[in-house]
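Some notes on the structure that comes next.
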Amino acid sequence: MGRWRPPKEQGSKYITREGAQKLTDEVHYLWTVERPGVTDRIAKAAAQGDRSENAEYIYGKKRLREIDGRLRFLTKRLDGMTVVSHIPEDQEKVYFGAFVTLEDDEGEEVEYRIVGPDELNVAEGKLSMDSPLGKAILGKRVDDEIKFSSPKGVKVFCISKIRYAEK
């Protein structure tokens with residue numbers, strides 16, 4: 001048996017202006033602050049002599065590979081992204097970037113913003129458009145009912161409010 005696995009399906013190539021800025025800031029930080037600091041520590045560790053038993057050198061090189069991998073991922077990902085910053089004409093329908101308020105059976109409301117997979121953070125109310133709930137919400141209008149299968153069973157939500165951020 002081989003260890004081959006099919007490639008992971010990439011997420012959607014859409015991102016909000018705020019999300020693109022956050023990823024660009026991360027690239028800038030890694031490239032100008034984190035990477036130079038690690039290379040300095042590696043140079044100092046290498047100057048001490050025997051590198052085969054030098055933990056600072058070994059772990060520094062490992063951290064440098066991690067940083068370079070993250071930089072490579074971010075730059076490739078940002079190159080193919082489409083930054084969505086316009087508000088759609090039909091603001092009564094859920095599109096990318098919308099703030100959607102959902103109401104469950106008990107009347108509890110929760111607000112999510114539909115974002116790209118790189119911005120996903122449910123704790124901050126950011127829901128990926130590629131997630132099952134995100135896919136179910138897209139294209140719906142106020143008072144539409146959504147049935148969503150979760151690990152705890154089928155949940156039913158009603159869209160109570162849709163709004164878009166002002167520029």
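Note on naming: chains are A, B, ... as they come in the structure tokens, residues start from 1 per chain, ligands start from 1 in the order shown.
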
Legend entry - Test item: residues at most 10 Å from Val115 in chain A, only C-alpha atoms, excluding those fewer than 3 positions along its chain, as an MDAnalysis selection string: chainID A and resid 12 14:16 19 84 95:99 112 118:121 125:130 134

Mind dumping the selected residues with N, CA, C and O atoms as an mmCIF file, in the first residue's frame?
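Final file, part17.cif:
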data_model
loop_
_atom_site.group_PDB
_atom_site.id
_atom_site.type_symbol
_atom_site.label_atom_id
_atom_site.label_comp_id
_atom_site.auth_asym_id
_atom_site.auth_seq_id
_atom_site.Cartn_x
_atom_site.Cartn_y
_atom_site.Cartn_z
ATOM 1 N N SER A 12 -12.692 28.250 -2.024
ATOM 2 C CA SER A 12 -13.036 29.301 -2.971
ATOM 3 C C SER A 12 -11.949 30.365 -3.004
ATOM 4 O O SER A 12 -11.239 30.580 -2.033
ATOM 5 N N TYR A 14 -12.281 33.597 -3.161
ATOM 6 C CA TYR A 14 -12.802 34.920 -2.816
ATOM 7 C C TYR A 14 -12.371 35.288 -1.408
ATOM 8 O O TYR A 14 -12.259 34.440 -0.528
ATOM 9 N N ILE A 15 -12.151 36.583 -1.216
ATOM 10 C CA ILE A 15 -11.736 37.078 0.091
ATOM 11 C C ILE A 15 -12.232 38.521 0.239
ATOM 12 O O ILE A 15 -12.349 39.243 -0.753
ATOM 13 N N THR A 16 -12.539 38.901 1.476
ATOM 14 C CA THR A 16 -12.947 40.284 1.718
ATOM 15 C C THR A 16 -11.712 41.168 1.745
ATOM 16 O O THR A 16 -10.584 40.687 1.880
ATOM 17 N N GLY A 19 -9.864 40.640 4.970
ATOM 18 C CA GLY A 19 -9.144 39.373 4.993
ATOM 19 C C GLY A 19 -7.871 39.428 4.175
ATOM 20 O O GLY A 19 -6.828 38.896 4.588
ATOM 21 N N VAL A 84 -13.285 40.821 -2.967
ATOM 22 C CA VAL A 84 -14.654 41.284 -3.187
ATOM 23 C C VAL A 84 -14.912 42.440 -2.231
ATOM 24 O O VAL A 84 -14.956 42.252 -1.020
ATOM 25 N N TYR A 95 -25.305 37.219 -0.375
ATOM 26 C CA TYR A 95 -24.150 37.031 -1.242
ATOM 27 C C TYR A 95 -22.895 37.044 -0.372
ATOM 28 O O TYR A 95 -22.967 37.276 0.837
ATOM 29 N N PHE A 96 -21.758 36.851 -1.010
ATOM 30 C CA PHE A 96 -20.480 36.887 -0.306
ATOM 31 C C PHE A 96 -20.314 38.231 0.402
ATOM 32 O O PHE A 96 -20.600 39.278 -0.153
ATOM 33 N N GLY A 97 -19.871 38.202 1.651
ATOM 34 C CA GLY A 97 -19.638 39.420 2.420
ATOM 35 C C GLY A 97 -20.823 39.884 3.234
ATOM 36 O O GLY A 97 -20.714 40.841 3.998
ATOM 37 N N ALA A 98 -21.970 39.216 3.093
ATOM 38 C CA ALA A 98 -23.176 39.633 3.810
ATOM 39 C C ALA A 98 -23.088 39.278 5.291
ATOM 40 O O ALA A 98 -22.475 38.286 5.673
ATOM 41 N N PHE A 99 -23.698 40.118 6.121
ATOM 42 C CA PHE A 99 -23.906 39.813 7.526
ATOM 43 C C PHE A 99 -25.323 39.248 7.618
ATOM 44 O O PHE A 99 -26.285 39.930 7.283
ATOM 45 N N TYR A 112 -23.729 35.889 11.447
ATOM 46 C CA TYR A 112 -22.526 35.431 10.762
ATOM 47 C C TYR A 112 -22.252 36.344 9.583
ATOM 48 O O TYR A 112 -23.177 36.891 8.991
ATOM 49 N N ASP A 118 -10.255 31.346 3.856
ATOM 50 C CA ASP A 118 -9.054 31.808 4.545
ATOM 51 C C ASP A 118 -9.364 32.709 5.730
ATOM 52 O O ASP A 118 -8.486 32.996 6.543
ATOM 53 N N GLU A 119 -10.599 33.155 5.842
ATOM 54 C CA GLU A 119 -11.000 34.067 6.917
ATOM 55 C C GLU A 119 -11.858 33.387 7.976
ATOM 56 O O GLU A 119 -12.241 34.011 8.951
ATOM 57 N N LEU A 120 -12.167 32.136 7.789
ATOM 58 C CA LEU A 120 -13.064 31.385 8.657
ATOM 59 C C LEU A 120 -12.679 31.528 10.128
ATOM 60 O O LEU A 120 -11.539 31.288 10.504
ATOM 61 N N ASN A 121 -13.637 31.950 10.955
ATOM 62 C CA ASN A 121 -13.464 32.026 12.397
ATOM 63 C C ASN A 121 -14.852 32.149 13.018
ATOM 64 O O ASN A 121 -15.384 33.248 13.155
ATOM 65 N N GLY A 125 -17.708 35.107 14.397
ATOM 66 C CA GLY A 125 -18.903 35.235 13.573
ATOM 67 C C GLY A 125 -18.612 35.235 12.082
ATOM 68 O O GLY A 125 -19.414 35.728 11.299
ATOM 69 N N LYS A 126 -17.485 34.674 11.680
ATOM 70 C CA LYS A 126 -17.125 34.606 10.262
ATOM 71 C C LYS A 126 -17.306 33.172 9.785
ATOM 72 O O LYS A 126 -16.640 32.259 10.265
ATOM 73 N N LEU A 127 -18.204 33.000 8.840
ATOM 74 C CA LEU A 127 -18.586 31.684 8.341
ATOM 75 C C LEU A 127 -18.127 31.536 6.901
ATOM 76 O O LEU A 127 -18.410 32.392 6.064
ATOM 77 N N SER A 128 -17.432 30.450 6.610
ATOM 78 C CA SER A 128 -16.914 30.225 5.260
ATOM 79 C C SER A 128 -18.055 29.938 4.283
ATOM 80 O O SER A 128 -18.984 29.202 4.598
ATOM 81 N N MET A 129 -17.917 30.495 3.092
ATOM 82 C CA MET A 129 -18.919 30.239 2.057
ATOM 83 C C MET A 129 -18.855 28.800 1.578
ATOM 84 O O MET A 129 -19.786 28.309 0.951
ATOM 85 N N ASP A 130 -17.763 28.078 1.878
ATOM 86 C CA ASP A 130 -17.610 26.683 1.477
ATOM 87 C C ASP A 130 -18.128 25.713 2.525
ATOM 88 O O ASP A 130 -18.212 24.512 2.267
ATOM 89 N N GLY A 134 -22.743 27.702 5.241
ATOM 90 C CA GLY A 134 -22.509 28.806 4.314
ATOM 91 C C GLY A 134 -23.135 28.553 2.956
ATOM 92 O O GLY A 134 -23.755 29.435 2.359
#

Legend entry - Residues within 12 Å of Arg141 in chain A, only C-alpha atoms, excluding chain neighbours under 3 positions, as a list in words: Asp90, Gln91, Glu92, Lys93, Val94, Tyr95, Ala98, Val100, Thr101, Leu102, Ala136, Ile137, Leu138, Asp144, Glu145, Ile146, Cys158, Ile159, Ser160, Lys161, Ile162 and Arg163 of chain A

Resulting file, chosen residues, N, CA, C and O atoms, as a tab-separated table (two decimals), in the first residue's frame:
chain	number	residue	atom	x	y	z
A	90	ASP	N	-28.72	43.73	-5.41
A	90	ASP	CA	-29.85	43.15	-4.68
A	90	ASP	C	-29.40	42.84	-3.25
A	90	ASP	O	-28.88	41.77	-2.97
A	91	GLN	N	-29.65	43.78	-2.34
A	91	GLN	CA	-29.22	43.60	-0.96
A	91	GLN	C	-30.22	42.81	-0.12
A	91	GLN	O	-30.03	42.64	1.08
A	92	GLU	N	-31.25	42.32	-0.75
A	92	GLU	CA	-32.24	41.50	-0.05
A	92	GLU	C	-31.88	40.02	-0.12
A	92	GLU	O	-32.56	39.19	0.45
A	93	LYS	N	-30.80	39.70	-0.81
A	93	LYS	CA	-30.37	38.32	-1.02
A	93	LYS	C	-28.98	38.15	-0.42
A	93	LYS	O	-28.19	39.08	-0.39
A	94	VAL	N	-28.67	36.94	0.09
A	94	VAL	CA	-27.38	36.67	0.72
A	94	VAL	C	-26.33	36.38	-0.35
A	94	VAL	O	-26.47	35.45	-1.14
A	95	TYR	N	-25.30	37.22	-0.38
A	95	TYR	CA	-24.15	37.03	-1.24
A	95	TYR	C	-22.90	37.04	-0.37
A	95	TYR	O	-22.97	37.28	0.84
A	98	ALA	N	-21.97	39.22	3.09
A	98	ALA	CA	-23.18	39.63	3.81
A	98	ALA	C	-23.09	39.28	5.29
A	98	ALA	O	-22.47	38.29	5.67
A	100	VAL	N	-25.43	38.00	8.06
A	100	VAL	CA	-26.72	37.31	8.09
A	100	VAL	C	-27.07	36.96	9.52
A	100	VAL	O	-26.26	36.35	10.23
A	101	THR	N	-28.27	37.34	9.94
A	101	THR	CA	-28.75	36.98	11.27
A	101	THR	C	-29.69	35.80	11.13
A	101	THR	O	-30.68	35.87	10.40
A	102	LEU	N	-29.35	34.71	11.83
A	102	LEU	CA	-30.16	33.50	11.80
A	102	LEU	C	-30.88	33.32	13.12
A	102	LEU	O	-30.33	33.61	14.18
A	136	ALA	N	-25.65	26.61	2.38
A	136	ALA	CA	-27.11	26.62	2.54
A	136	ALA	C	-27.66	28.04	2.59
A	136	ALA	O	-28.78	28.29	2.13
A	137	ILE	N	-26.89	28.98	3.13
A	137	ILE	CA	-27.36	30.36	3.29
A	137	ILE	C	-27.27	31.16	2.00
A	137	ILE	O	-28.14	31.99	1.71
A	138	LEU	N	-26.21	30.93	1.20
A	138	LEU	CA	-26.01	31.73	-0.01
A	138	LEU	C	-27.22	31.68	-0.93
A	138	LEU	O	-27.78	30.62	-1.20
A	144	ASP	N	-36.50	33.18	4.69
A	144	ASP	CA	-36.29	31.85	4.12
A	144	ASP	C	-35.86	30.91	5.23
A	144	ASP	O	-35.14	31.29	6.15
A	145	GLU	N	-36.31	29.66	5.13
A	145	GLU	CA	-35.97	28.65	6.12
A	145	GLU	C	-34.82	27.80	5.59
A	145	GLU	O	-34.81	27.42	4.43
A	146	ILE	N	-33.88	27.49	6.47
A	146	ILE	CA	-32.71	26.71	6.09
A	146	ILE	C	-32.65	25.47	6.96
A	146	ILE	O	-32.69	25.57	8.20
A	158	CYS	N	-34.02	30.28	10.44
A	158	CYS	CA	-34.75	31.22	9.61
A	158	CYS	C	-33.90	32.49	9.51
A	158	CYS	O	-33.36	32.96	10.51
A	159	ILE	N	-33.77	33.01	8.31
A	159	ILE	CA	-32.99	34.24	8.13
A	159	ILE	C	-33.86	35.41	8.56
A	159	ILE	O	-34.92	35.65	7.99
A	160	SER	N	-33.40	36.13	9.60
A	160	SER	CA	-34.20	37.25	10.11
A	160	SER	C	-33.70	38.60	9.62
A	160	SER	O	-34.45	39.57	9.64
A	161	LYS	N	-32.42	38.66	9.20
A	161	LYS	CA	-31.89	39.95	8.78
A	161	LYS	C	-30.68	39.74	7.88
A	161	LYS	O	-29.87	38.84	8.11
A	162	ILE	N	-30.56	40.59	6.85
A	162	ILE	CA	-29.40	40.58	5.96
A	162	ILE	C	-28.92	42.02	5.83
A	162	ILE	O	-29.72	42.93	5.61
A	163	ARG	N	-27.62	42.22	6.02
A	163	ARG	CA	-27.06	43.56	5.84
A	163	ARG	C	-25.66	43.43	5.24
A	163	ARG	O	-25.03	42.38	5.31

Legend entry - DSSP strand (DSSP E or B) residues within chain A, as a PyMOL selection string: chain A and resi 14-16+82-84+93+99-103+109-115+121+126-128+141+145-150+153-163

Saved selection, atoms kept: C-alpha atoms, as an mmCIF file, in the first residue's frame:
data_model
loop_
_atom_site.group_PDB
_atom_site.id
_atom_site.type_symbol
_atom_site.label_atom_id
_atom_site.label_comp_id
_atom_site.auth_asym_id
_atom_site.auth_seq_id
_atom_site.Cartn_x
_atom_site.Cartn_y
_atom_site.Cartn_z
ATOM 1 C CA TYR A 14 -12.802 34.920 -2.816
ATOM 2 C CA ILE A 15 -11.736 37.078 0.091
ATOM 3 C CA THR A 16 -12.947 40.284 1.718
ATOM 4 C CA THR A 82 -10.337 37.794 -5.928
ATOM 5 C CA VAL A 83 -10.933 40.593 -3.437
ATOM 6 C CA VAL A 84 -14.654 41.284 -3.187
ATOM 7 C CA LYS A 93 -30.372 38.323 -1.018
ATOM 8 C CA PHE A 99 -23.906 39.813 7.526
ATOM 9 C CA VAL A 100 -26.717 37.305 8.089
ATOM 10 C CA THR A 101 -28.746 36.982 11.268
ATOM 11 C CA LEU A 102 -30.162 33.498 11.795
ATOM 12 C CA GLU A 103 -32.900 32.579 14.233
ATOM 13 C CA GLU A 109 -30.363 34.771 17.111
ATOM 14 C CA VAL A 110 -26.790 34.526 15.875
ATOM 15 C CA GLU A 111 -25.083 36.716 13.277
ATOM 16 C CA TYR A 112 -22.526 35.431 10.762
ATOM 17 C CA ARG A 113 -20.603 37.123 7.999
ATOM 18 C CA ILE A 114 -20.149 35.074 4.833
ATOM 19 C CA VAL A 115 -16.416 35.092 4.066
ATOM 20 C CA ASN A 121 -13.464 32.026 12.397
ATOM 21 C CA LYS A 126 -17.125 34.606 10.262
ATOM 22 C CA LEU A 127 -18.586 31.684 8.341
ATOM 23 C CA SER A 128 -16.914 30.225 5.260
ATOM 24 C CA ARG A 141 -33.622 35.935 1.382
ATOM 25 C CA GLU A 145 -35.965 28.652 6.121
ATOM 26 C CA ILE A 146 -32.712 26.706 6.092
ATOM 27 C CA LYS A 147 -32.331 23.056 7.075
ATOM 28 C CA PHE A 148 -28.800 22.233 8.068
ATOM 29 C CA SER A 149 -27.354 18.835 9.013
ATOM 30 C CA SER A 150 -24.932 19.096 11.912
ATOM 31 C CA GLY A 153 -28.736 16.391 14.047
ATOM 32 C CA VAL A 154 -30.791 18.482 11.655
ATOM 33 C CA LYS A 155 -31.157 22.118 12.658
ATOM 34 C CA VAL A 156 -33.625 24.575 11.202
ATOM 35 C CA PHE A 157 -32.815 28.265 10.942
ATOM 36 C CA CYS A 158 -34.755 31.222 9.614
ATOM 37 C CA ILE A 159 -32.992 34.244 8.127
ATOM 38 C CA SER A 160 -34.201 37.248 10.110
ATOM 39 C CA LYS A 161 -31.889 39.949 8.777
ATOM 40 C CA ILE A 162 -29.398 40.581 5.959
ATOM 41 C CA ARG A 163 -27.060 43.562 5.838
#

Inset, instruction - Enumerate as a PyMOL selection string all residues of range 4-105 of chain A assigned to helix (DSSP H, G or I) by DSSP on the backbone, naming them with the chain letters and numbers the document uses. - result: chain A and resi 17-47+55-79

Inset, instruction - Find the residues near Lys61 in chain A: any atom within 9 Å, counting only C-alpha atoms, skip ones fewer than 5 places away on the same chain, and give them as a PyMOL selection string. - result: chain A and resi 38-39+42+56+66

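Nearest to Arg41 in chain A of all the residues A:Asn54, A:Gly60, A:Leu71, A:Pro151 is A:Gly60, counting only C-alpha atoms.
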
Inset, instruction - Go through A:Val122, A:Ala20, A:Ala43, A:Leu133 one by one, measure the shortest atom-to-atom distance of each to Arg77 in chain A using only C-alpha atoms, and give the residue with the smallest value. - result: A:Ala20

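Put simply, CA of Tyr57 in chain A is 5.2 Å away from CA of Ala45 in chain A.
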
Inset, instruction - Compare A:Asp68, A:Asp50, A:Asp79, A:Asp25 by their minimum atom-to-atom distance to Lys13 in chain A, counting only C-alpha atoms, and give me the closest one. - result: A:Asp79

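The space between CA of Glu53 in chain A and CA of Glu34 in chain A spans 24.2 Å.
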
Legend entry - For CA of Glu26 in chain A and CA of Leu64 in chain A, the interatomic separation in Å (one decimal):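 Between CA of Glu26 in chain A and CA of Leu64 in chain A the gap works out to 15.4 Å.
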